[in-house]
>>> print(open('data.cif').read())   # mmCIF, C-alpha atoms
data_work
#
loop_
_atom_site.label_atom_id
_atom_site.label_comp_id
_atom_site.auth_asym_id
_atom_site.auth_seq_id
_atom_site.Cartn_x
_atom_site.Cartn_y
_atom_site.Cartn_z
CA MET F 1 -9.51 -41.64 -0.22
CA TRP F 2 -12.00 -42.19 2.54
CA SER F 3 -15.77 -42.06 2.60
CA LEU F 4 -18.16 -40.41 4.96
CA THR F 5 -21.31 -42.47 5.42
CA VAL F 6 -24.35 -40.24 5.46
CA PRO F 7 -27.43 -41.45 7.38
CA SER F 8 -30.23 -42.95 5.40
CA ILE F 9 -32.27 -39.77 5.47
CA VAL F 10 -30.02 -38.42 2.74
CA SER F 11 -30.77 -41.40 0.50
CA ARG F 12 -34.43 -40.31 0.40
CA ARG F 13 -33.35 -37.08 -1.31
CA PRO F 14 -31.87 -36.80 -4.80
CA CYS F 15 -28.16 -37.54 -5.00
CA PHE F 16 -25.81 -34.62 -5.49
CA SER F 17 -25.55 -35.07 -9.24
CA GLU F 18 -29.33 -34.62 -9.47
CA TYR F 19 -29.07 -31.07 -8.20
CA ILE F 20 -27.64 -30.06 -11.55
CA HIS F 21 -30.26 -29.05 -14.11
CA PRO F 22 -30.96 -32.04 -16.43
CA THR F 23 -30.05 -30.05 -19.54
CA ARG F 24 -26.69 -29.10 -18.04
CA ARG F 25 -25.77 -32.37 -16.33
CA ARG F 26 -22.53 -33.78 -17.72
CA ALA F 27 -19.92 -36.12 -16.34
CA SER F 28 -17.54 -33.16 -16.00
CA ASP F 29 -20.00 -30.98 -14.07
CA THR F 30 -19.05 -30.20 -10.50
CA PRO F 31 -22.17 -30.81 -8.42
CA CYS F 32 -23.55 -28.17 -6.10
CA LEU F 33 -23.85 -28.65 -2.36
CA PRO F 34 -27.56 -29.10 -1.53
CA SER F 35 -28.96 -26.76 1.07
CA CYS F 36 -31.00 -29.58 2.61
CA LEU F 37 -28.06 -31.43 4.14
CA PRO F 38 -28.62 -32.17 7.83
CA ALA F 39 -26.38 -30.93 10.63
CA HIS F 40 -23.76 -33.60 10.10
CA GLY F 41 -23.21 -32.10 6.65
CA ARG F 42 -20.93 -29.63 8.42
CA ALA F 43 -18.10 -32.12 7.95
CA TYR F 44 -18.56 -31.74 4.22
CA THR F 45 -18.56 -27.96 4.52
CA ALA F 46 -15.40 -27.97 6.64
CA CYS F 47 -13.65 -30.14 4.08
CA LEU F 48 -14.92 -27.86 1.31
CA ILE F 49 -13.35 -24.84 3.00
CA ALA F 50 -10.05 -26.61 3.60
CA TYR F 51 -9.67 -28.36 0.24
CA GLY F 52 -11.88 -26.55 -2.25
CA PRO F 53 -14.75 -27.98 -4.33
CA ILE F 54 -15.33 -31.73 -3.87
CA GLU F 55 -16.97 -33.89 -6.47
CA ALA F 56 -19.67 -36.28 -5.34
CA ARG F 57 -19.78 -39.85 -6.54
CA SER F 58 -22.44 -39.94 -9.21
CA VAL F 59 -25.33 -42.23 -8.28
CA PRO F 60 -27.84 -43.34 -10.96
CA ARG F 61 -31.42 -42.23 -10.65
CA ARG F 62 -33.67 -44.72 -8.93
CA PRO F 63 -36.52 -45.73 -11.23
CA LEU F 64 -39.82 -44.38 -9.97
CA ASN F 65 -41.31 -47.86 -9.62
CA ALA F 66 -38.27 -49.32 -7.87
CA LYS F 67 -38.52 -50.34 -4.25
CA ARG F 68 -36.92 -47.85 -1.89
CA THR F 69 -33.94 -49.32 -0.06
CA GLN F 70 -32.02 -48.19 2.97
CA THR F 71 -28.62 -48.21 1.27
CA HIS F 72 -26.47 -45.34 2.30
CA SER F 73 -25.09 -42.76 -0.11
CA SER F 74 -21.41 -42.00 0.19
CA LEU F 75 -19.58 -38.75 -0.45
CA CYS F 76 -16.06 -38.88 -1.78
CA PHE F 77 -13.69 -36.77 0.30
CA PRO F 78 -9.97 -36.20 -0.18
CA SER F 79 -7.79 -38.11 2.20
CA LEU F 80 -7.22 -36.14 5.38
CA PRO F 81 -4.14 -36.40 7.59
CA THR F 82 -4.52 -37.48 11.17
CA HIS F 83 -4.65 -34.74 13.77
CA SER F 84 -1.15 -35.52 15.01
CA SER F 85 0.42 -35.16 11.56
CA PHE F 86 -1.62 -32.17 10.41
CA THR F 87 0.38 -28.95 10.02
CA MET F 88 -0.80 -25.52 8.93
CA SER F 89 0.48 -24.28 5.58
CA GLU F 90 2.59 -21.15 5.40
CA SER F 91 -0.34 -19.15 4.03
CA SER F 92 -2.59 -20.26 6.88
CA LYS F 93 -0.50 -19.18 9.85
CA THR F 94 -2.57 -17.91 12.71
CA ASP F 95 0.23 -15.97 14.39
CA LEU F 96 -0.05 -12.88 12.20
CA ILE F 97 2.10 -9.82 12.86
CA THR F 98 -0.16 -6.84 12.37
CA LEU F 99 1.07 -3.28 12.08
CA THR F 100 -0.38 -2.40 15.48
CA ARG F 101 1.25 -5.40 17.13
CA HIS F 102 4.59 -4.73 15.43
CA VAL F 103 4.66 -1.07 16.47
CA PHE F 104 3.73 -1.88 20.08
CA GLN F 105 6.27 -4.70 20.17
CA THR F 106 9.00 -2.39 18.89
CA GLN F 107 8.11 0.17 21.52
CA VAL F 108 8.28 -2.41 24.32
CA GLU F 109 11.55 -3.97 23.14
CA ASP F 110 13.51 -0.92 21.96
CA HIS F 111 11.89 2.16 23.51
CA ARG F 112 10.67 1.29 26.99
CA GLU F 113 10.99 4.92 28.01
CA ALA F 114 8.53 6.01 25.28
CA THR F 115 5.13 7.37 26.26
CA GLY F 116 3.33 5.54 23.44
CA ASP F 117 2.11 8.76 21.81
CA LEU F 118 3.86 8.04 18.49
CA THR F 119 2.46 4.50 18.54
CA LEU F 120 -1.08 5.83 18.95
CA LEU F 121 -0.50 8.42 16.21
CA LEU F 122 0.66 5.72 13.77
CA THR F 123 -2.45 3.72 14.67
CA ALA F 124 -4.60 6.72 13.73
CA ILE F 125 -2.74 7.05 10.41
CA GLN F 126 -3.32 3.39 9.54
CA LEU F 127 -7.01 3.86 10.28
CA GLY F 128 -7.06 6.74 7.79
CA CYS F 129 -5.32 4.54 5.21
CA LYS F 130 -7.90 1.78 5.67
CA PHE F 131 -10.75 4.27 5.28
CA VAL F 132 -9.26 5.78 2.12
CA ALA F 133 -8.50 2.31 0.68
CA SER F 134 -12.14 1.36 1.18
CA ASN F 135 -13.34 4.47 -0.64
CA VAL F 136 -10.88 3.98 -3.51
CA ARG F 137 -12.07 0.40 -4.06
CA LYS F 138 -15.72 1.39 -4.39
CA ALA F 139 -15.26 4.87 -5.89
CA SER F 140 -16.91 4.06 -9.22
CA LEU F 141 -19.79 2.25 -7.53
CA ILE F 142 -20.79 5.12 -5.24
CA ASN F 143 -20.05 7.91 -7.73
CA ILE F 144 -17.08 9.56 -6.05
CA THR F 145 -14.86 9.67 -9.12
CA GLY F 146 -14.43 12.78 -11.26
CA LEU F 147 -13.82 16.41 -10.38
CA ALA F 148 -15.13 18.14 -7.27
CA ASN F 149 -15.31 21.51 -9.12
CA THR F 150 -12.72 23.00 -6.76
CA SER F 151 -8.95 23.52 -6.90
CA ASN F 152 -6.21 23.29 -4.30
CA ILE F 153 -3.54 25.84 -3.37
CA GLN F 154 -1.37 24.72 -6.32
CA GLY F 155 -4.21 25.54 -8.73
CA GLU F 156 -4.78 21.85 -9.50
CA ASP F 157 -8.32 20.63 -10.03
CA GLN F 158 -9.40 18.55 -7.05
CA LYS F 159 -11.01 15.16 -7.52
CA LYS F 160 -13.88 14.13 -5.26
CA LEU F 161 -11.64 11.52 -3.65
CA ASP F 162 -9.00 14.21 -2.98
CA VAL F 163 -11.48 16.09 -0.83
CA ILE F 164 -12.78 12.95 0.92
CA ALA F 165 -9.28 11.61 1.66
CA ASN F 166 -8.21 14.97 3.05
CA GLU F 167 -11.17 15.08 5.45
CA ILE F 168 -10.55 11.47 6.50
CA PHE F 169 -6.95 12.14 7.53
CA ILE F 170 -7.66 15.47 9.21
CA ASN F 171 -10.38 13.87 11.33
CA ALA F 172 -8.29 10.79 12.14
CA LEU F 173 -5.27 12.86 13.16
CA ARG F 174 -7.25 15.39 15.18
CA SER F 175 -9.15 12.69 17.09
CA SER F 176 -5.89 10.94 18.03
CA SER F 177 -5.11 13.88 20.38
CA LYS F 178 -1.42 13.50 19.48
CA VAL F 179 -1.09 16.23 16.84
CA SER F 180 -0.61 19.99 17.14
CA VAL F 181 -0.04 21.02 13.52
CA MET F 182 -1.14 19.47 10.23
CA VAL F 183 -0.03 20.44 6.73
CA SER F 184 -1.96 19.03 3.78
CA GLU F 185 -1.43 19.45 0.06
CA GLU F 186 -5.13 20.25 -0.23
CA ASP F 187 -5.14 23.18 2.23
CA GLU F 188 -3.58 26.59 1.70
CA GLU F 189 -2.75 27.14 5.36
CA ALA F 190 -1.47 24.88 8.09
CA ILE F 191 -4.13 23.42 10.39
CA PHE F 192 -3.68 24.05 14.11
CA VAL F 193 -5.49 21.59 16.35
CA GLU F 194 -7.73 22.85 19.14
CA ASP F 195 -6.19 22.95 22.62
CA GLN F 196 -8.25 20.06 23.99
CA TYR F 197 -7.00 17.73 21.22
CA ARG F 198 -3.46 19.05 20.92
CA GLY F 199 -0.47 16.69 21.12
CA LYS F 200 3.30 16.90 20.62
CA TYR F 201 3.61 15.92 16.95
CA CYS F 202 3.20 17.61 13.59
CA VAL F 203 2.05 15.65 10.54
CA VAL F 204 2.61 16.70 6.93
CA PHE F 205 0.75 14.68 4.31
CA ASP F 206 -0.48 14.35 0.76
CA PRO F 207 -3.82 12.58 1.29
CA LEU F 208 -4.08 11.22 -2.25
CA ASP F 209 -0.97 11.36 -4.43
CA GLY F 210 -1.47 10.68 -8.14
CA SER F 211 -5.17 11.53 -8.03
CA SER F 212 -5.18 12.25 -11.78
CA ASN F 213 -5.03 8.45 -12.16
CA ILE F 214 -8.11 7.75 -10.02
CA ASP F 215 -10.64 7.36 -12.81
CA CYS F 216 -8.53 4.88 -14.79
CA GLY F 217 -7.70 2.59 -11.87
CA VAL F 218 -3.94 3.21 -11.78
CA SER F 219 -2.19 2.93 -8.40
CA ILE F 220 -2.40 6.01 -6.20
CA GLY F 221 -1.48 6.56 -2.55
CA THR F 222 -1.01 8.60 0.61
CA ILE F 223 2.31 10.09 1.75
CA PHE F 224 3.01 11.32 5.28
CA GLY F 225 5.84 12.58 7.45
CA ILE F 226 5.95 13.24 11.20
CA TYR F 227 7.90 15.85 13.17
CA LYS F 228 8.02 16.28 16.91
CA VAL F 229 7.24 19.81 18.09
CA ARG F 230 10.24 21.70 19.40
CA GLU F 231 10.74 21.79 23.13
CA GLY F 232 8.65 24.54 24.68
CA SER F 233 6.45 24.93 21.60
CA THR F 234 2.71 24.28 21.65
CA GLY F 235 2.50 23.98 17.89
CA HIS F 236 3.76 26.63 15.46
CA ILE F 237 4.46 26.82 11.74
CA SER F 238 8.18 26.79 12.54
CA ASP F 239 7.74 23.25 13.88
CA VAL F 240 7.29 21.98 10.31
CA LEU F 241 9.54 24.35 8.37
CA ARG F 242 12.57 22.22 9.20
CA PRO F 243 14.95 19.93 7.29
CA GLY F 244 13.64 16.47 6.52
CA SER F 245 16.46 14.94 8.53
CA GLU F 246 14.58 16.03 11.68
CA MET F 247 11.55 13.86 10.93
CA VAL F 248 10.86 11.08 13.43
CA ALA F 249 8.73 8.92 11.12
CA ALA F 250 7.52 8.78 7.53
CA GLY F 251 5.62 6.48 5.22
CA TYR F 252 3.28 5.98 2.32
CA CYS F 253 0.34 3.74 1.52
CA THR F 254 -0.40 2.49 -1.98
CA TYR F 255 -3.94 1.83 -3.21
CA GLY F 256 -3.89 -0.49 -6.21
CA SER F 257 -4.02 -4.24 -6.73
CA CYS F 258 -3.41 -4.30 -2.98
CA SER F 259 -3.02 -1.68 -0.28
CA THR F 260 0.52 -1.62 1.11
CA LEU F 261 1.68 0.64 3.94
CA VAL F 262 5.45 1.20 3.97
CA MET F 263 6.78 2.98 7.04
CA THR F 264 9.84 3.88 9.08
CA THR F 265 10.36 5.31 12.55
CA GLY F 266 14.06 5.89 11.94
CA ASN F 267 15.16 2.30 12.45
CA GLY F 268 14.71 0.56 9.10
CA VAL F 269 11.75 0.20 6.76
CA ASN F 270 8.89 -2.30 6.94
CA GLY F 271 5.96 -2.95 4.62
CA TYR F 272 2.46 -4.08 5.63
CA THR F 273 -0.26 -5.34 3.28
CA LEU F 274 -3.93 -4.78 4.08
CA ASP F 275 -5.93 -7.98 4.54
CA THR F 276 -9.42 -6.72 3.75
CA GLU F 277 -11.09 -9.80 5.24
CA ILE F 278 -9.81 -9.14 8.75
CA GLY F 279 -9.27 -5.39 8.28
CA GLU F 280 -5.63 -5.36 9.38
CA PHE F 281 -2.28 -4.42 7.85
CA ILE F 282 -0.08 -7.54 8.02
CA LEU F 283 3.73 -7.45 8.01
CA THR F 284 4.70 -8.77 4.57
CA HIS F 285 7.90 -6.86 3.73
CA PRO F 286 10.15 -6.81 6.81
CA LYS F 287 13.39 -4.81 6.75
CA ILE F 288 13.17 -3.53 3.19
CA LYS F 289 16.55 -2.83 1.58
CA ILE F 290 16.79 -1.11 -1.76
CA PRO F 291 19.36 -2.61 -4.18
CA SER F 292 22.54 -0.53 -4.51
CA ARG F 293 21.95 -0.27 -8.26
CA GLY F 294 18.92 -0.99 -10.40
CA LYS F 295 17.97 -1.33 -14.06
CA ILE F 296 14.91 0.91 -14.19
CA TYR F 297 14.49 4.67 -14.42
CA ALA F 298 11.25 6.60 -13.97
CA VAL F 299 10.86 10.11 -15.35
CA ASN F 300 8.37 12.08 -17.43
CA GLU F 301 10.29 12.21 -20.71
CA GLY F 302 7.61 14.44 -22.17
CA ASN F 303 9.46 17.27 -20.43
CA SER F 304 12.88 16.34 -21.87
CA LYS F 305 13.02 19.41 -24.14
CA TYR F 306 12.98 21.60 -21.02
CA TRP F 307 15.72 19.75 -19.06
CA ASP F 308 19.10 21.27 -18.22
CA ALA F 309 22.34 19.88 -19.71
CA ALA F 310 23.25 17.66 -16.73
CA CYS F 311 19.86 16.01 -16.69
CA THR F 312 19.82 15.48 -20.46
CA LYS F 313 23.27 13.87 -20.44
CA TYR F 314 22.41 11.62 -17.51
CA PHE F 315 19.33 10.11 -19.13
CA HIS F 316 21.16 9.76 -22.44
CA SER F 317 23.80 7.70 -20.61
CA LEU F 318 21.09 5.37 -19.29
CA LYS F 319 19.62 4.76 -22.73
CA PHE F 320 22.91 4.67 -24.66
CA PRO F 321 25.65 3.38 -22.31
CA GLU F 322 29.21 3.92 -23.51
CA ASP F 323 30.21 0.41 -22.50
CA PRO F 324 28.84 -1.93 -25.22
CA LYS F 325 28.62 -4.74 -22.64
CA LYS F 326 26.13 -2.76 -20.56
CA SER F 327 22.43 -3.00 -21.31
CA PRO F 328 20.35 0.20 -21.38
CA TYR F 329 18.01 0.88 -18.48
CA SER F 330 14.30 0.17 -18.85
CA ALA F 331 11.86 3.09 -18.58
CA ARG F 332 8.87 2.67 -16.26
CA TYR F 333 6.78 5.73 -15.41
CA VAL F 334 3.37 5.54 -13.73
CA GLY F 335 2.83 9.24 -13.09
CA SER F 336 2.08 8.61 -9.42
CA MET F 337 5.05 9.22 -7.11
CA VAL F 338 3.86 6.63 -4.62
CA ALA F 339 3.66 3.89 -7.25
CA ASP F 340 6.98 4.77 -8.88
CA VAL F 341 8.89 5.05 -5.60
CA HIS F 342 7.34 1.84 -4.27
CA ARG F 343 8.58 -0.07 -7.31
CA THR F 344 12.00 1.57 -6.95
CA MET F 345 12.16 0.58 -3.27
CA LEU F 346 11.57 -3.07 -4.13
CA TYR F 347 13.40 -3.44 -7.45
CA GLY F 348 16.01 -0.70 -7.35
CA GLY F 349 16.67 2.01 -9.93
CA ILE F 350 15.89 5.71 -9.81
CA PHE F 351 12.84 7.98 -9.77
CA CYS F 352 13.34 11.53 -10.98
CA TYR F 353 11.36 14.73 -11.18
CA PRO F 354 13.99 17.30 -12.19
CA ALA F 355 13.70 21.05 -12.36
CA ASP F 356 13.41 22.42 -15.90
CA SER F 357 12.89 25.66 -17.77
CA LYS F 358 9.13 25.47 -17.10
CA SER F 359 9.38 24.59 -13.39
CA LYS F 360 12.66 26.15 -12.24
CA ASN F 361 12.16 24.99 -8.64
CA GLY F 362 10.88 21.58 -9.59
CA LYS F 363 7.29 20.45 -9.27
CA LEU F 364 7.05 18.10 -6.27
CA ARG F 365 6.38 19.59 -2.84
CA VAL F 366 9.18 19.40 -0.30
CA LEU F 367 7.37 18.84 3.01
CA TYR F 368 4.83 16.15 2.20
CA GLU F 369 6.26 14.50 -0.92
CA CYS F 370 10.05 14.83 -1.17
CA PHE F 371 10.99 14.69 2.52
CA PRO F 372 8.96 11.60 3.54
CA MET F 373 10.10 9.64 0.49
CA ALA F 374 13.73 10.67 0.96
CA PHE F 375 13.58 9.72 4.65
CA LEU F 376 12.20 6.28 3.75
CA VAL F 377 14.67 5.60 0.94
CA GLU F 378 17.68 6.58 3.06
CA GLN F 379 16.45 4.29 5.83
CA ALA F 380 16.31 1.49 3.25
CA GLY F 381 19.90 2.11 2.16
CA GLY F 382 19.18 4.37 -0.81
CA ARG F 383 19.88 8.01 -1.53
CA ALA F 384 17.94 11.17 -2.42
CA THR F 385 19.22 14.45 -3.84
CA THR F 386 18.09 17.66 -5.51
CA GLY F 387 20.98 17.17 -7.92
CA ARG F 388 23.17 19.58 -6.00
CA MET F 389 22.53 18.73 -2.35
CA ARG F 390 21.13 16.01 -0.10
CA MET F 391 17.36 16.16 -0.18
CA LEU F 392 16.91 15.91 3.61
CA ASP F 393 19.25 18.87 4.23
CA LEU F 394 17.04 21.28 2.31
CA LEU F 395 15.27 23.95 4.40
CA PRO F 396 11.77 24.68 3.04
CA GLU F 397 10.76 28.34 2.94
CA THR F 398 7.00 27.75 2.94
CA ILE F 399 4.75 24.79 3.64
CA HIS F 400 4.17 24.33 -0.09
CA SER F 401 7.75 24.85 -1.32
CA ARG F 402 8.83 22.75 -4.30
CA SER F 403 12.06 21.03 -5.24
CA PRO F 404 13.62 18.82 -7.91
CA ILE F 405 14.32 15.29 -6.70
CA PHE F 406 16.35 12.26 -7.77
CA ILE F 407 15.71 9.30 -5.49
CA GLY F 408 16.46 5.59 -5.47
CA SER F 409 19.40 3.21 -5.46
CA LYS F 410 22.53 4.71 -3.94
CA GLU F 411 24.84 4.20 -6.93
CA ASP F 412 22.26 5.44 -9.43
CA VAL F 413 21.71 8.67 -7.51
CA GLU F 414 25.47 9.18 -7.14
CA ASP F 415 25.72 9.01 -10.94
CA VAL F 416 23.25 11.91 -11.20
CA GLU F 417 25.23 13.95 -8.68
CA ALA F 418 28.42 13.33 -10.69
CA PHE F 419 26.78 14.77 -13.83
CA TYR F 420 25.67 17.88 -11.93
CA ARG F 421 29.15 18.39 -10.46
CA THR F 422 30.60 18.16 -13.98
CA GLU F 423 28.17 20.76 -15.31
CA ALA F 424 28.59 23.13 -12.36
#
>>> encode(input="data.cif", output="structure tokens")
Amino acid sequence: MWSLTVPSIVSRRPCFSEYIHPTRRRASDTPCLPSCLPAHGRAYTACLIAYGPIEARSVPRRPLNAKRTQTHSSLCFPSLPTHSSFTMSESSKTDLITLTRHVFQTQVEDHREATGDLTLLLTAIQLGCKFVASNVRKASLINITGLANTSNIQGEDQKKLDVIANEIFINALRSSSKVSVMVSEEDEEAIFVEDQYRGKYCVVFDPLDGSSNIDCGVSIGTIFGIYKVREGSTGHISDVLRPGSEMVAAGYCTYGSCSTLVMTTGNGVNGYTLDTEIGEFILTHPKIKIPSRGKIYAVNEGNSKYWDAACTKYFHSLKFPEDPKKSPYSARYVGSMVADVHRTMLYGGIFCYPADSKSKNGKLRVLYECFPMAFLVEQAGGRATTGRMRMLDLLPETIHSRSPIFIGSKEDVEDVEAFYRTEA
């Protein structure tokens, strides 16, 4: 321990322990920092920031009739290392790798011939994610929860945040001047950008996946996929009605206990967490690899009475394995594709939304839900299927086409495919 000697002017003021109300003053009380400290009190503040609350040495009250002395008060500080031996902790690194820096660095190192258009487009998408994350955090405070009294093309009731998030991404993408065509879950028709803002990419997106969970604070998110317009095209609907294997980039952003943007440009998957204090996505999950097999399955078992035979037998095998040495899988279902797939990416396992007798073509949309997620999972070493064919080989008929999907760890998805081959 070492002591900082405060000039005598401080001794003419009450000691730190006196700033606590007399009825609340106890030996265990942590004293408050007085606002009347002179300029040299900055040393105390700096130490407070670096080491947390500091207790002051309790000094008895001076009797009112006692003669004032010039003795100095001392503050007790934790021992500090010398400058030469001081090292920053891992959590205090100043050389942060932001999403923008990482994307630009990748372009410089691996794609020197690139024009930078995709880099600028991804920057516009991260801006949209930040804006939506901000609105999600304060939704209840500024009264943007609940229904907007409108419905989307699928006939689903739109939440207020659905509408806001959709406008945020449309404006961010249009202003980037790198997009020709946009397809959103919330709009019936594709959006064609004006000539003066038109670029060479097409973006398909679900601005707020899992919006039914907004009002109860469960994780929700944004999903996006990017195509490059065909050579000679200035932006046409045919530029997005293509297999998912032709995407050049895809990603999603979760909005929950933290905001995490997971993204690929066709060369592995990286995750970035939003630091709200500096307003930047920081690289926190480099080179994500999904385990080859997991122990978790995610599916809405409320629909089990409508499943086909292959699907029913597969999930029965997870819950009641034939090998007595094998433990059954654990069920985890959020009801938000972004949240369920994000967990599957990190922990392994399988996420499923099968077709059934109610929804014969499945329920999830191909272009802006199934394709981006399948592209990401395959880049992370996983697998995605409809049950009968590779997800990314599917050719959507319309911009809002639907499909069943089984996605996750490679071996888990192969098990599903084996059941469907048996039942064929």
>>> closest_residue(input="data.cif", among="F:Tyr329, F:Phe205, F:Tyr420, F:Tyr297", to="Phe351 of chain F", atoms="all atoms listed in the file")
F:Tyr297
>>> closest_residue(input="data.cif", among="F:Ser317, F:Thr422, F:Thr254, F:Ser292", to="Leu274 of chain F", atoms="only C-alpha atoms")
F:Thr254
>>> residues_around(input="data.cif", residues="Arg230 of chain F", least_positions_apart="6", cutoff="12 Å", atoms="all atoms listed in the file", output="number ranges by chain")
F: 180-181, 199-202, 236-242, 246-247
>>> closest_atom_pairs(input="data.cif", of="segment 333-376 of chain F", to="segment 382-403 of chain F", cutoff="7 Å", atoms="all atoms listed in the file", output="tab-separated table")
residue	atom	partner	partner_atom	distance
F:Asn361	CA	F:Ser403	CA	5.2
F:Gly362	CA	F:Ser403	CA	4.5
F:Lys363	CA	F:Arg402	CA	5.7
F:Leu364	CA	F:Arg402	CA	5.4
F:Arg365	CA	F:Arg402	CA	4.3
F:Val366	CA	F:Arg402	CA	5.2
F:Leu367	CA	F:Ile399	CA	6.5
F:Phe371	CA	F:Leu392	CA	6.1
F:Ala374	CA	F:Ala384	CA	5.4
>>> atom_distance(input="data.cif", atom1="atom CA of Arg174 of chain F", atom2="atom CA of Phe281 of chain F")
21.7 Å
>>> closest_residue(input="data.cif", among="F:Glu280, F:Asp117, F:Asp110, F:Glu185", to="Cys129 of chain F", atoms="all atoms listed in the file")
F:Glu280
>>> atom_distance(input="data.cif", atom1="atom CA of Glu186 of chain F", atom2="atom CA of Asn166 of chain F")
6.9 Å
>>> residues_around(input="data.cif", residues="Ile278 of chain F", least_positions_apart="4", cutoff="12 Å", atoms="only C-alpha atoms", output="list in words")
Leu96, Thr98, Lys130, Thr273, Leu274 and Ile282 of chain F
>>> write_last_selection(input="data.cif", atoms="C-alpha atoms", output="compact mmCIF listing (two decimals), in the frame of the given file")
# COMPACT_ATOMS: atom_id res chain seq x y z
CA LEU F 96 -0.05 -12.88 12.20
CA THR F 98 -0.16 -6.84 12.37
CA LYS F 130 -7.90 1.78 5.67
CA THR F 273 -0.26 -5.34 3.28
CA LEU F 274 -3.93 -4.78 4.08
CA ILE F 282 -0.08 -7.54 8.02
>>> atom_distance(input="data.cif", atom1="atom CA of Ala250 of chain F", atom2="atom CA of Phe224 of chain F")
5.6 Å
>>> closest_residue(input="data.cif", among="F:Ile125, F:Val416, F:Ala133, F:Ala331", to="Thr276 of chain F", atoms="all atoms listed in the file")
F:Ala133
>>> resolve_selection(input="data.cif", expression="the PyMOL selection byres ((chain F and resi 410) around 9)", output="ChimeraX atom specification")
/F:290-293,349-350,378,381-384,407-409,411-415
